[in-house]
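So this block is upload16.pdb, PDB, C-alpha atoms:
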ATOM      1  CA  MET Q   1      28.210 -11.050  51.763  1.00  0.00           C
ATOM      2  CA  PHE Q   2      32.005 -11.089  51.802  1.00  0.00           C
ATOM      3  CA  VAL Q   3      33.632  -8.825  49.198  1.00  0.00           C
ATOM      4  CA  THR Q   4      37.404  -8.593  48.794  1.00  0.00           C
ATOM      5  CA  PHE Q   5      39.423  -6.027  46.877  1.00  0.00           C
ATOM      6  CA  GLU Q   6      42.706  -7.016  45.254  1.00  0.00           C
ATOM      7  CA  GLY Q   7      45.205  -5.427  42.923  1.00  0.00           C
ATOM      8  CA  PRO Q   8      48.709  -4.074  42.480  1.00  0.00           C
ATOM      9  CA  GLU Q   9      50.094  -1.270  44.630  1.00  0.00           C
ATOM     10  CA  GLY Q  10      48.532   2.121  43.928  1.00  0.00           C
ATOM     11  CA  ALA Q  11      45.340   0.689  42.441  1.00  0.00           C
ATOM     12  CA  GLY Q  12      43.181   2.804  44.766  1.00  0.00           C
ATOM     13  CA  LYS Q  13      41.524   0.051  46.796  1.00  0.00           C
ATOM     14  CA  SER Q  14      41.218   2.102  49.983  1.00  0.00           C
ATOM     15  CA  SER Q  15      39.662   5.074  48.174  1.00  0.00           C
ATOM     16  CA  VAL Q  16      37.184   2.844  46.345  1.00  0.00           C
ATOM     17  CA  ILE Q  17      36.178   1.105  49.576  1.00  0.00           C
ATOM     18  CA  ARG Q  18      35.506   4.486  51.244  1.00  0.00           C
ATOM     19  CA  ASN Q  19      33.328   5.481  48.290  1.00  0.00           C
ATOM     20  CA  LEU Q  20      31.382   2.211  48.411  1.00  0.00           C
ATOM     21  CA  SER Q  21      30.948   2.500  52.175  1.00  0.00           C
ATOM     22  CA  GLU Q  22      29.278   5.881  51.696  1.00  0.00           C
ATOM     23  CA  ARG Q  23      26.930   4.383  49.095  1.00  0.00           C
ATOM     24  CA  LEU Q  24      26.016   1.499  51.395  1.00  0.00           C
ATOM     25  CA  ASP Q  25      25.399   3.954  54.237  1.00  0.00           C
ATOM     26  CA  ALA Q  26      23.100   5.976  51.988  1.00  0.00           C
ATOM     27  CA  GLN Q  27      21.052   2.831  51.287  1.00  0.00           C
ATOM     28  CA  GLY Q  28      20.977   1.780  54.937  1.00  0.00           C
ATOM     29  CA  VAL Q  29      23.009  -1.366  54.328  1.00  0.00           C
ATOM     30  CA  ARG Q  30      24.880  -2.526  57.411  1.00  0.00           C
ATOM     31  CA  HIS Q  31      28.492  -3.213  56.532  1.00  0.00           C
ATOM     32  CA  LEU Q  32      32.048  -3.455  57.800  1.00  0.00           C
ATOM     33  CA  CYS Q  33      35.197  -2.096  56.144  1.00  0.00           C
ATOM     34  CA  THR Q  34      38.353  -3.952  57.080  1.00  0.00           C
ATOM     35  CA  ARG Q  35      41.772  -4.897  55.730  1.00  0.00           C
ATOM     36  CA  GLU Q  36      44.564  -7.451  55.774  1.00  0.00           C
ATOM     37  CA  PRO Q  37      46.894  -7.058  57.444  1.00  0.00           C
ATOM     38  CA  GLY Q  38      46.017  -4.398  59.983  1.00  0.00           C
ATOM     39  CA  ALA Q  39      42.587  -5.048  61.502  1.00  0.00           C
ATOM     40  CA  GLY Q  40      42.336  -5.260  65.275  1.00  0.00           C
ATOM     41  CA  THR Q  41      45.163  -5.153  67.808  1.00  0.00           C
ATOM     42  CA  PHE Q  42      46.815  -8.315  66.500  1.00  0.00           C
ATOM     43  CA  GLY Q  43      46.550  -7.148  62.895  1.00  0.00           C
ATOM     44  CA  LYS Q  44      48.060  -3.750  63.621  1.00  0.00           C
ATOM     45  CA  ALA Q  45      51.098  -5.396  65.228  1.00  0.00           C
ATOM     46  CA  VAL Q  46      51.535  -7.801  62.305  1.00  0.00           C
ATOM     47  CA  ARG Q  47      51.100  -4.994  59.758  1.00  0.00           C
ATOM     48  CA  SER Q  48      53.874  -3.021  61.435  1.00  0.00           C
ATOM     49  CA  LEU Q  49      56.209  -6.029  61.245  1.00  0.00           C
ATOM     50  CA  LEU Q  50      55.343  -6.819  57.628  1.00  0.00           C
ATOM     51  CA  LEU Q  51      55.329  -3.375  56.079  1.00  0.00           C
ATOM     52  CA  GLU Q  52      57.769  -1.426  58.223  1.00  0.00           C
ATOM     53  CA  GLY Q  53      60.227  -4.143  59.263  1.00  0.00           C
ATOM     54  CA  GLU Q  54      63.440  -4.864  57.445  1.00  0.00           C
ATOM     55  CA  GLY Q  55      65.004  -8.098  56.292  1.00  0.00           C
ATOM     56  CA  ILE Q  56      62.047 -10.388  56.959  1.00  0.00           C
ATOM     57  CA  GLU Q  57      62.804 -13.928  55.829  1.00  0.00           C
ATOM     58  CA  PRO Q  58      60.352 -14.787  52.993  1.00  0.00           C
ATOM     59  CA  ARG Q  59      58.941 -17.866  54.730  1.00  0.00           C
ATOM     60  CA  ALA Q  60      58.384 -15.869  57.909  1.00  0.00           C
ATOM     61  CA  GLU Q  61      56.549 -13.300  55.791  1.00  0.00           C
ATOM     62  CA  VAL Q  62      54.129 -15.999  54.595  1.00  0.00           C
ATOM     63  CA  PHE Q  63      53.364 -17.201  58.105  1.00  0.00           C
ATOM     64  CA  LEU Q  64      52.826 -13.676  59.431  1.00  0.00           C
ATOM     65  CA  PHE Q  65      50.223 -13.028  56.738  1.00  0.00           C
ATOM     66  CA  LEU Q  66      48.527 -16.354  57.495  1.00  0.00           C
ATOM     67  CA  ALA Q  67      48.503 -15.744  61.252  1.00  0.00           C
ATOM     68  CA  ASP Q  68      46.927 -12.334  60.720  1.00  0.00           C
ATOM     69  CA  ARG Q  69      44.342 -13.856  58.373  1.00  0.00           C
ATOM     70  CA  SER Q  70      43.332 -16.526  60.862  1.00  0.00           C
ATOM     71  CA  GLU Q  71      42.786 -13.964  63.637  1.00  0.00           C
ATOM     72  CA  HIS Q  72      41.031 -11.575  61.268  1.00  0.00           C
ATOM     73  CA  ILE Q  73      38.551 -14.139  59.980  1.00  0.00           C
ATOM     74  CA  SER Q  74      37.813 -15.588  63.427  1.00  0.00           C
ATOM     75  CA  HIS Q  75      37.388 -12.353  65.363  1.00  0.00           C
ATOM     76  CA  ILE Q  76      36.276  -9.761  62.804  1.00  0.00           C
ATOM     77  CA  VAL Q  77      34.989 -11.120  59.484  1.00  0.00           C
ATOM     78  CA  ARG Q  78      32.925 -14.147  60.547  1.00  0.00           C
ATOM     79  CA  PRO Q  79      31.172 -12.285  63.396  1.00  0.00           C
ATOM     80  CA  ALA Q  80      30.211  -9.483  60.987  1.00  0.00           C
ATOM     81  CA  LEU Q  81      28.886 -11.965  58.426  1.00  0.00           C
ATOM     82  CA  ASP Q  82      26.957 -13.753  61.165  1.00  0.00           C
ATOM     83  CA  ARG Q  83      25.336 -10.404  62.023  1.00  0.00           C
ATOM     84  CA  GLY Q  84      24.178 -10.138  58.415  1.00  0.00           C
ATOM     85  CA  GLU Q  85      26.594  -7.371  57.474  1.00  0.00           C
ATOM     86  CA  VAL Q  86      28.316  -6.860  54.129  1.00  0.00           C
ATOM     87  CA  VAL Q  87      32.085  -7.073  54.615  1.00  0.00           C
ATOM     88  CA  LEU Q  88      34.377  -5.022  52.372  1.00  0.00           C
ATOM     89  CA  CYS Q  89      37.954  -6.238  52.815  1.00  0.00           C
ATOM     90  CA  ASP Q  90      41.077  -4.537  51.441  1.00  0.00           C
ATOM     91  CA  ARG Q  91      43.222  -7.574  50.463  1.00  0.00           C
ATOM     92  CA  HIS Q  92      42.696 -11.164  51.541  1.00  0.00           C
ATOM     93  CA  ALA Q  93      43.916 -14.690  50.752  1.00  0.00           C
ATOM     94  CA  ASP Q  94      44.444 -14.048  47.032  1.00  0.00           C
ATOM     95  CA  SER Q  95      47.142 -11.505  47.866  1.00  0.00           C
ATOM     96  CA  THR Q  96      49.200 -14.211  49.571  1.00  0.00           C
ATOM     97  CA  VAL Q  97      48.842 -16.512  46.557  1.00  0.00           C
ATOM     98  CA  VAL Q  98      49.928 -13.694  44.244  1.00  0.00           C
ATOM     99  CA  TYR Q  99      52.622 -11.879  46.233  1.00  0.00           C
ATOM    100  CA  GLN Q 100      54.232 -14.865  47.901  1.00  0.00           C
ATOM    101  CA  GLY Q 101      53.381 -17.375  45.153  1.00  0.00           C
ATOM    102  CA  HIS Q 102      53.435 -15.775  41.710  1.00  0.00           C
ATOM    103  CA  ALA Q 103      55.831 -12.955  42.636  1.00  0.00           C
ATOM    104  CA  ARG Q 104      58.136 -14.553  45.258  1.00  0.00           C
ATOM    105  CA  GLY Q 105      58.063 -18.051  43.818  1.00  0.00           C
ATOM    106  CA  PHE Q 106      56.560 -20.156  46.602  1.00  0.00           C
ATOM    107  CA  ASP Q 107      54.390 -23.137  45.687  1.00  0.00           C
ATOM    108  CA  VAL Q 108      51.008 -21.686  44.742  1.00  0.00           C
ATOM    109  CA  GLU Q 109      49.032 -24.834  45.519  1.00  0.00           C
ATOM    110  CA  LEU Q 110      50.626 -25.094  48.964  1.00  0.00           C
ATOM    111  CA  LEU Q 111      49.700 -21.476  49.650  1.00  0.00           C
ATOM    112  CA  ARG Q 112      46.112 -22.250  48.641  1.00  0.00           C
ATOM    113  CA  GLN Q 113      46.024 -25.090  51.176  1.00  0.00           C
ATOM    114  CA  TRP Q 114      47.453 -22.890  53.917  1.00  0.00           C
ATOM    115  CA  ASN Q 115      44.906 -20.180  53.137  1.00  0.00           C
ATOM    116  CA  GLN Q 116      42.149 -22.777  53.408  1.00  0.00           C
ATOM    117  CA  PHE Q 117      43.454 -23.729  56.850  1.00  0.00           C
ATOM    118  CA  ALA Q 118      43.890 -20.111  58.002  1.00  0.00           C
ATOM    119  CA  THR Q 119      40.384 -19.075  56.934  1.00  0.00           C
ATOM    120  CA  GLY Q 120      38.610 -22.215  58.103  1.00  0.00           C
ATOM    121  CA  GLY Q 121      37.347 -22.621  54.558  1.00  0.00           C
ATOM    122  CA  LEU Q 122      35.718 -19.180  54.277  1.00  0.00           C
ATOM    123  CA  ARG Q 123      35.917 -17.774  50.752  1.00  0.00           C
ATOM    124  CA  PRO Q 124      34.840 -14.409  49.355  1.00  0.00           C
ATOM    125  CA  ASP Q 125      31.509 -14.201  47.546  1.00  0.00           C
ATOM    126  CA  LEU Q 126      32.970 -11.585  45.206  1.00  0.00           C
ATOM    127  CA  THR Q 127      36.523 -10.428  44.522  1.00  0.00           C
ATOM    128  CA  LEU Q 128      37.089  -7.140  42.715  1.00  0.00           C
ATOM    129  CA  LEU Q 129      40.453  -6.876  40.965  1.00  0.00           C
ATOM    130  CA  LEU Q 130      41.463  -3.255  40.522  1.00  0.00           C
ATOM    131  CA  ASP Q 131      43.881  -3.689  37.659  1.00  0.00           C
ATOM    132  CA  LEU Q 132      46.430  -1.267  36.250  1.00  0.00           C
ATOM    133  CA  PRO Q 133      50.022  -1.394  34.965  1.00  0.00           C
ATOM    134  CA  ALA Q 134      52.596  -1.607  37.745  1.00  0.00           C
ATOM    135  CA  GLU Q 135      54.367   1.538  36.545  1.00  0.00           C
ATOM    136  CA  ILE Q 136      51.201   3.621  36.914  1.00  0.00           C
ATOM    137  CA  GLY Q 137      50.381   2.235  40.339  1.00  0.00           C
ATOM    138  CA  LEU Q 138      53.862   2.790  41.736  1.00  0.00           C
ATOM    139  CA  ALA Q 139      53.931   6.349  40.382  1.00  0.00           C
ATOM    140  CA  ARG Q 140      50.809   7.124  42.429  1.00  0.00           C
ATOM    141  CA  LEU Q 141      52.462   6.210  45.735  1.00  0.00           C
ATOM    142  CA  THR Q 142      53.769   8.965  47.984  1.00  0.00           C
ATOM    143  CA  ASN Q 143      54.974   6.868  50.927  1.00  0.00           C
ATOM    144  CA  LYS Q 144      56.434   3.462  50.093  1.00  0.00           C
ATOM    145  CA  ASP Q 145      56.449   0.578  52.567  1.00  0.00           C
ATOM    146  CA  ARG Q 146      58.702  -2.499  52.450  1.00  0.00           C
ATOM    147  CA  LEU Q 147      56.660  -4.277  49.760  1.00  0.00           C
ATOM    148  CA  ASP Q 148      56.156  -1.126  47.696  1.00  0.00           C
ATOM    149  CA  ALA Q 149      59.942  -0.773  47.482  1.00  0.00           C
ATOM    150  CA  GLU Q 150      60.385  -4.092  45.669  1.00  0.00           C
ATOM    151  CA  PRO Q 151      61.776  -3.818  42.094  1.00  0.00           C
ATOM    152  CA  LEU Q 152      59.445  -3.047  39.193  1.00  0.00           C
ATOM    153  CA  GLU Q 153      59.791  -6.633  37.919  1.00  0.00           C
ATOM    154  CA  PHE Q 154      58.326  -7.902  41.197  1.00  0.00           C
ATOM    155  CA  HIS Q 155      55.281  -5.657  40.822  1.00  0.00           C
ATOM    156  CA  GLN Q 156      54.850  -6.717  37.209  1.00  0.00           C
ATOM    157  CA  ARG Q 157      54.744 -10.342  38.367  1.00  0.00           C
ATOM    158  CA  VAL Q 158      52.152  -9.307  40.952  1.00  0.00           C
ATOM    159  CA  ARG Q 159      49.919  -7.830  38.283  1.00  0.00           C
ATOM    160  CA  GLN Q 160      50.225 -10.868  36.025  1.00  0.00           C
ATOM    161  CA  GLY Q 161      49.565 -13.129  39.001  1.00  0.00           C
ATOM    162  CA  PHE Q 162      46.325 -11.348  39.818  1.00  0.00           C
ATOM    163  CA  LEU Q 163      45.162 -11.536  36.209  1.00  0.00           C
ATOM    164  CA  LYS Q 164      45.966 -15.254  36.115  1.00  0.00           C
ATOM    165  CA  GLU Q 165      44.064 -15.908  39.352  1.00  0.00           C
ATOM    166  CA  ALA Q 166      41.063 -13.925  38.091  1.00  0.00           C
ATOM    167  CA  GLY Q 167      41.006 -16.052  34.967  1.00  0.00           C
ATOM    168  CA  LEU Q 168      40.833 -19.252  37.012  1.00  0.00           C
ATOM    169  CA  GLU Q 169      37.617 -18.268  38.831  1.00  0.00           C
ATOM    170  CA  PRO Q 170      35.614 -15.939  36.587  1.00  0.00           C
ATOM    171  CA  ASP Q 171      32.437 -16.522  38.618  1.00  0.00           C
ATOM    172  CA  ARG Q 172      34.037 -14.948  41.696  1.00  0.00           C
ATOM    173  CA  TRP Q 173      36.348 -12.321  40.197  1.00  0.00           C
ATOM    174  CA  ARG Q 174      35.443  -9.085  38.430  1.00  0.00           C
ATOM    175  CA  THR Q 175      38.290  -7.139  36.830  1.00  0.00           C
ATOM    176  CA  VAL Q 176      37.994  -3.340  36.858  1.00  0.00           C
ATOM    177  CA  ASP Q 177      40.267  -0.941  34.951  1.00  0.00           C
ATOM    178  CA  ALA Q 178      41.759   1.052  37.825  1.00  0.00           C
ATOM    179  CA  SER Q 179      43.672   3.440  35.564  1.00  0.00           C
ATOM    180  CA  ARG Q 180      40.416   5.400  35.121  1.00  0.00           C
ATOM    181  CA  PRO Q 181      39.235   8.229  37.428  1.00  0.00           C
ATOM    182  CA  LEU Q 182      38.173   7.155  40.922  1.00  0.00           C
ATOM    183  CA  GLU Q 183      34.465   7.838  40.374  1.00  0.00           C
ATOM    184  CA  GLU Q 184      34.400   5.558  37.321  1.00  0.00           C
ATOM    185  CA  VAL Q 185      36.258   2.793  39.139  1.00  0.00           C
ATOM    186  CA  ALA Q 186      33.965   3.068  42.170  1.00  0.00           C
ATOM    187  CA  GLU Q 187      30.870   3.007  39.940  1.00  0.00           C
ATOM    188  CA  ALA Q 188      32.057  -0.178  38.205  1.00  0.00           C
ATOM    189  CA  CYS Q 189      32.670  -1.805  41.597  1.00  0.00           C
ATOM    190  CA  TRP Q 190      29.286  -0.644  42.856  1.00  0.00           C
ATOM    191  CA  GLN Q 191      27.539  -2.182  39.870  1.00  0.00           C
ATOM    192  CA  ALA Q 192      29.315  -5.502  40.501  1.00  0.00           C
ATOM    193  CA  ILE Q 193      28.381  -5.504  44.179  1.00  0.00           C
ATOM    194  CA  SER Q 194      24.794  -4.460  43.506  1.00  0.00           C
ATOM    195  CA  HIS Q 195      24.424  -7.260  40.974  1.00  0.00           C
ATOM    196  CA  SER Q 196      25.795  -9.807  43.436  1.00  0.00           C
ATOM    197  CA  MET Q 197      23.417  -8.527  46.140  1.00  0.00           C
ATOM    198  CA  GLY Q 198      20.497  -8.832  43.722  1.00  0.00           C
ATOM    199  CA  ARG Q 199      19.765  -5.099  43.748  1.00  0.00           C
TER
END
What do you get writing this file as structure tokens?
Amino acid sequence: MFVTFEGPEGAGKSSVIRNLSERLDAQGVRHLCTREPGAGTFGKAVRSLLLEGEGIEPRAEVFLFLADRSEHISHIVRPALDRGEVVLCDRHADSTVVYQGHARGFDVELLRQWNQFATGGLRPDLTLLLDLPAEIGLARLTNKDRLDAEPLEFHQRVRQGFLKEAGLEPDRWRTVDASRPLEEVAEACWQAISHSMGR
């Protein structure tokens, strides 16, 4: 089962994934926690370029995310799924559609096609949208990377983009109010995952 976690900056995805990993461990469920970008040697190098670099041309930004995704799916995600593991992924293809499409203004349908190519057609079984107002999410951040430092209006477009995408595929997406305490957010995500796993 392939589960992705999406949402604006400061939504708490990493903390929720750690909480869910502990719950899966307690139930003896084999799983993998990963992220985009940043998984594996290739991903770490791309993450450094994307989040710490300066002045990256927007089209180059798109292709770096796609290159990382292709490597990530081929060498990390698919092998884990083939082993029967649950994969919990912090950001995936929907982030490119939202950040580079809805927020930066690139053609959304073209980005969908490129994602399809980069992933070899693999799609998440479940996507959890940790939703909260951009102002709240940004206020939670202590260290801001290159994307975090974008203007508030950019992050507001990101949030609206995620909500729009979630509305297009309600069978795959579950929207969770991430302005609540971590335990409540994690519990809502756990219930969604458990339901999808038939538990």
Find, counting all atoms listed in the file, the residue in Q:Asn115, Q:Gly84, Q:Glu135, Q:Val77 that gets nearest to Thr4 in chain Q.
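Checking each candidate against Thr4 in chain Q, we get Q:Val77 as the closest.
The smallest atom-to-atom distance between Asp25 in chain Q and any of Q:Gly167, Q:Glu85, Q:Thr175, Q:Phe5, using only C-alpha atoms, is found for Q:Glu85.
When all atoms listed in the file are used to compute distances to Ala178 in chain Q, the closest of the residues Q:Glu71, Q:Asp131, Q:Glu52, Q:Glu57 turns out to be Q:Asp131.
Taking CA of Asp107 in chain Q as the reference point, CA of Phe154 in chain Q is found at 16.4 Å.
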List the residues selected by the PyMOL selection byres ((chain Q and resi 97) around 12) in the file shown, writing them as a short mmCIF file (atom, residue, chain, number, x, y, z; two decimals) with C-alpha atoms, in the coordinates of the input.
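Done, and the output landed in out-v5.cif:
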data_model
loop_
_atom_site.label_atom_id
_atom_site.label_comp_id
_atom_site.auth_asym_id
_atom_site.auth_seq_id
_atom_site.Cartn_x
_atom_site.Cartn_y
_atom_site.Cartn_z
CA GLU Q 6 42.71 -7.02 45.25
CA VAL Q 62 54.13 -16.00 54.60
CA PHE Q 65 50.22 -13.03 56.74
CA LEU Q 66 48.53 -16.35 57.50
CA ARG Q 91 43.22 -7.57 50.46
CA HIS Q 92 42.70 -11.16 51.54
CA ALA Q 93 43.92 -14.69 50.75
CA ASP Q 94 44.44 -14.05 47.03
CA SER Q 95 47.14 -11.50 47.87
CA THR Q 96 49.20 -14.21 49.57
CA VAL Q 98 49.93 -13.69 44.24
CA TYR Q 99 52.62 -11.88 46.23
CA GLN Q 100 54.23 -14.86 47.90
CA GLY Q 101 53.38 -17.38 45.15
CA HIS Q 102 53.44 -15.78 41.71
CA ALA Q 103 55.83 -12.96 42.64
CA ARG Q 104 58.14 -14.55 45.26
CA GLY Q 105 58.06 -18.05 43.82
CA PHE Q 106 56.56 -20.16 46.60
CA ASP Q 107 54.39 -23.14 45.69
CA VAL Q 108 51.01 -21.69 44.74
CA GLU Q 109 49.03 -24.83 45.52
CA LEU Q 110 50.63 -25.09 48.96
CA LEU Q 111 49.70 -21.48 49.65
CA ARG Q 112 46.11 -22.25 48.64
CA GLN Q 113 46.02 -25.09 51.18
CA TRP Q 114 47.45 -22.89 53.92
CA ASN Q 115 44.91 -20.18 53.14
CA GLN Q 116 42.15 -22.78 53.41
CA ARG Q 157 54.74 -10.34 38.37
CA VAL Q 158 52.15 -9.31 40.95
CA GLY Q 161 49.56 -13.13 39.00
CA PHE Q 162 46.32 -11.35 39.82
CA LYS Q 164 45.97 -15.25 36.12
CA GLU Q 165 44.06 -15.91 39.35
CA ALA Q 166 41.06 -13.92 38.09
#
Can you list, as JSON, numbers by chain, every protein, DNA or RNA residue that comes within 6 Å of range 28-31 of chain Q when you count all atoms listed in the file, leaving out same-chain residues fewer than 4 positions away?
{"Q": [24, 85, 86, 87]}
